Amino acid sequence: MIEECWDDVNTAQTTVGSVDSGTNFGRGRGFIPLESISNYSDSVGCRNNVTVDDLTSSVPHGKNMSNNADKRQSSGRGRGRNRGGRGRVGRGGLEGSRNDGNGLQARRGDSKKSGHQRNSADDDNGIRSQKGKDASFTTEQSREVYIPPEPADDDTMFTGGISTGMNFDKYDIMQVNVTGENIPKPTEHFKNSGLRQLLLDNIHKSGYLRPTPVQKHALPIVMAGRDLMACAQTGSGKTAAFLLPMINLLLHDSKELIVTNEYCEPQAVIISPTRELTLQIFNEARKFSHSSIIKTVVVYGGAAVYHQAQQAMKGCHILVGTPGRLLDFVDKGQITFSSLRFLVLDEADRMLDMGFMPDIERMMGHPTMVATGERQTLMFSATFPEDIQRLAGKFLNNYLFLAVGIVGSACSDVEQHFHLVPKFEKRPKLVELISEEGGTKILVFVQMKRTADFIAAYLSENDFPTTSIHGDRLQREREEALADFKSGRMGVLVATAVAARGLDIKNVYHVVNYDLPKSIDEYVHQIGRTGRVGNCGKATSFYDPEVDAPLARDLVKILQQANQNIPSWLEKDASSAIISSSYPRHGRFGGKDFRKFEHQKEASDNTFGAVTEYSYSPPRTIEPGAEW
Ligand SMILES: Nc1ncnc2c1ncn2[C@@H]1O[C@H](COP(=O)(O)OP(=O)(O)OP(=O)(O)O)[C@@H](O)[C@H]1O
């Protein structure tokens, strides 16, 4: 596979950490001229053209398609130019691909060399192709050999996090439940948590003053060597909750790092569902282990395999990866699990759903995988449906279950608004909303990749600097889009579900669900991109009764739990809604550990070492609305 990639280097356009200069706001990198995707206006916002069904097919319908292709080729702007260029010089060129009229090429054909199907939906729209693996490994997308920029290695790595907001103190009154045997006591402060000085220094440099509830509980649990399934609301510091104690143990009880010319044996593997989240966790791990001997490597789809292999072959204690790319290295014997001490599934419910479970099972069943009980397995998410909890149980050993707040509930710092908007009125409504707010730091979620491009182009044409992120964009473009949004170069980011989970972006004040997701859990994650670490945020959702009615009941429940206003029309829809069979039916609001412990009721003294349930009830309920 590496040879294949080297071949790519010779034949395809090579990008080494490139950030193109772009042009003006709205017409810089990532800008697609609206005229080149004019048939999309039919699909997204106007009547008398294509239908929702059309939107779900792989290429758009409409007779303008070939014209658009021509325009795209000749316009020479934005992605059309890049892709045309790649097609010309890359192996196979444009063969086997067709233009989707959006400045993008819908890829067709096979990838027989790898046995993988070409499919770009590895982490898109919450649905992952069974065939796709981390499909970018072998897709046409990877023909641009992308080597990501070197990660920061100075003090700037400590400045990326979000500063705590006015509601940070309210974390202390959240209800926390820990169930399982022999529960360690929570720690109140970082300084007496038992973390090593190096970690305390890095925590301090990161601007953390006090641990969040999930950190207070997870730190001693992980440091005690226990397995953990943890659920805490979005933006409440789950990443540090597993990284800090893990790095502490890797340093405190250090073991020889095993690496040869052929393979590397990481001591901790962290798996997450999307590339950008994986990259973010990698940077967090580097930040917390800064100035230590800990080496961290990242592997994810869409970036050059040979480059990642080179990094891994230098040896790493911590390996962060997306499942597909990680498995590819494992299959080639370049990464083995023989020295594994920690296995972390971030966004664990997503990692264990139907899309990713086969990959996870393959890893868990790998001949080199260390058995449960001999490794520590940690699972974290803001949502943890009961049926997924049950599935997860087989990968854990006598674990503790930690729930901060109501499992699967939305962050109460996010003000949630709903507008009844039929699909043909969404576009003007979005422009109205964005105009009211001056077009800055607004994250817009859509369901379809092509909708993302269309809306991004449309907003750009209307002088709102906008970019997009979705599974059909090249990895370089995805990372640039995110960087542009983070830096404020682009005020609006239109995203599919690739950006729904985990991404931690400063100053996102407003999330707009242009399209509501199909599951309530994804809704919780999407609106959780704002209102993080005690900051207030706002989420506005366009509710199209024709499409979204099956979600109404769950939405009402989420709004009730977060003490939010519930529009009467939504309540009405909820009471009359027939739950669609396409909607997940699992116990979405399973608020507790599904396991039953003998003596669970009797154990109320919370004595260290003898407790089966540690429960702390706050003296008063949280009423976020009162302060807004
Ligand atoms: N104790 C703390 N004090 C101050 N800031 C913190 C603390 N812990 C974490 N943060 C910051 O809070 C932000 C959110 O953290 P993180 O991304 O880990 O949240 P999360 O719970 O994993 O969210 P999600 O469910 O969306 O993945 C980050 O910017 C992080 O740096």
# chains A, B, ... in the order shown; residues from 1 in each chain; ligands from 1
>>> residues_near_ligand(ligand="ligand 1", cutoff="9 Å", atoms="only C-alpha atoms and all ligand atoms", output="JSON, numbers by chain")
{"A": [158, 159, 160, 161, 162, 163, 164, 165, 168, 190, 203, 206, 207, 208, 209, 210, 211, 212, 213, 214, 215, 216, 231, 232, 233, 234, 235, 236, 237, 238, 239, 240, 241, 277, 280, 281, 284, 346, 347, 380, 381, 382, 383, 500, 501, 502, 503, 504, 505, 506, 525, 526, 528, 529, 530, 532, 533, 534]}
>>> residues_around(residues="stretch 479-482 of chain A", least_positions_apart="3", cutoff="6 Å", atoms="only C-alpha atoms", output="ChimeraX atom specification")
/A:467,476,485
>>> write_last_selection(atoms="N, CA and C atoms", output="CSV table (one decimal), in the first residue's frame")
chain,number,residue,atom,x,y,z
A,467,THR,N,-17.5,28.9,4.1
A,467,THR,CA,-16.8,27.7,3.5
A,467,THR,C,-17.6,26.5,3.9
A,476,ARG,N,-7.3,18.1,2.5
A,476,ARG,CA,-6.7,19.4,2.6
A,476,ARG,C,-7.7,20.5,2.6
A,485,PHE,N,-12.5,28.8,9.3
A,485,PHE,CA,-13.6,29.1,10.2
A,485,PHE,C,-13.1,29.5,11.6
>>> residues_around(residues="A:His510", least_positions_apart="5", cutoff="6 Å", atoms="only C-alpha atoms", output="list in words")
Ile442, Lys538 and Ala539 of chain A
>>> select_by_dssp(residues="stretch 438-502 of chain A", states="helix (DSSP H, G or I)", output="list in words")
Lys449, Arg450, Thr451, Ala452, Asp453, Phe454, Ile455, Ala456, Ala457, Tyr458, Leu459, Ser460, Glu461, Gln475, Arg476, Glu477, Arg478, Glu479, Glu480, Ala481, Leu482, Ala483, Asp484, Phe485, Lys486, Ser487, Ala497, Val498 and Ala499 of chain A
>>> write_last_selection(atoms="C-alpha atoms", output="PDB file, in the first residue's frame")
ATOM      1  CA  LYS A 449     -22.966  17.160   0.990  1.00  0.00           C
ATOM      2  CA  ARG A 450     -24.290  18.887  -2.094  1.00  0.00           C
ATOM      3  CA  THR A 451     -26.534  21.071   0.045  1.00  0.00           C
ATOM      4  CA  ALA A 452     -23.445  22.094   1.968  1.00  0.00           C
ATOM      5  CA  ASP A 453     -21.709  23.217  -1.209  1.00  0.00           C
ATOM      6  CA  PHE A 454     -24.758  24.921  -2.565  1.00  0.00           C
ATOM      7  CA  ILE A 455     -25.486  26.873   0.606  1.00  0.00           C
ATOM      8  CA  ALA A 456     -21.818  27.799   0.998  1.00  0.00           C
ATOM      9  CA  ALA A 457     -21.668  29.107  -2.557  1.00  0.00           C
ATOM     10  CA  TYR A 458     -24.967  30.912  -2.196  1.00  0.00           C
ATOM     11  CA  LEU A 459     -23.940  32.663   1.022  1.00  0.00           C
ATOM     12  CA  SER A 460     -20.566  33.562  -0.465  1.00  0.00           C
ATOM     13  CA  GLU A 461     -22.278  35.143  -3.457  1.00  0.00           C
ATOM     14  CA  GLN A 475      -8.775  16.378   3.199  1.00  0.00           C
ATOM     15  CA  ARG A 476      -6.651  19.442   2.562  1.00  0.00           C
ATOM     16  CA  GLU A 477      -9.810  21.390   1.796  1.00  0.00           C
ATOM     17  CA  ARG A 478     -11.541  20.070   4.901  1.00  0.00           C
ATOM     18  CA  GLU A 479      -8.701  21.131   7.131  1.00  0.00           C
ATOM     19  CA  GLU A 480      -8.426  24.494   5.424  1.00  0.00           C
ATOM     20  CA  ALA A 481     -12.162  25.059   5.782  1.00  0.00           C
ATOM     21  CA  LEU A 482     -11.966  24.356   9.493  1.00  0.00           C
ATOM     22  CA  ALA A 483      -8.880  26.529   9.905  1.00  0.00           C
ATOM     23  CA  ASP A 484     -10.549  29.374   8.015  1.00  0.00           C
ATOM     24  CA  PHE A 485     -13.614  29.141  10.205  1.00  0.00           C
ATOM     25  CA  LYS A 486     -11.570  28.921  13.398  1.00  0.00           C
ATOM     26  CA  SER A 487      -9.481  31.930  12.461  1.00  0.00           C
ATOM     27  CA  ALA A 497     -22.453  15.471  10.134  1.00  0.00           C
ATOM     28  CA  VAL A 498     -18.662  15.208   9.774  1.00  0.00           C
ATOM     29  CA  ALA A 499     -18.532  18.236  12.044  1.00  0.00           C
TER      30      ALA A 499
END
>>> select_by_dssp(residues="stretch 234-367 of chain A", states="strand (DSSP E)", output="list of chain:residue names")
A:Ile258, A:Val259, A:Cys264, A:Glu265, A:Ala268, A:Val269, A:Ile270, A:Ile271, A:Thr296, A:Val297, A:Val298, A:Val299, A:Ile318, A:Leu319, A:Val320, A:Gly321, A:Phe342, A:Leu343, A:Val344, A:Leu345, A:Asp346
>>> closest_residue(among="A:Val494, A:Ile520, A:Val404, A:Cys264", to="A:Gln447", atoms="only C-alpha atoms")
A:Val494
>>> atom_distance(atom1="atom CA of A:Val444", atom2="atom CA of A:Val512")
4.6 Å
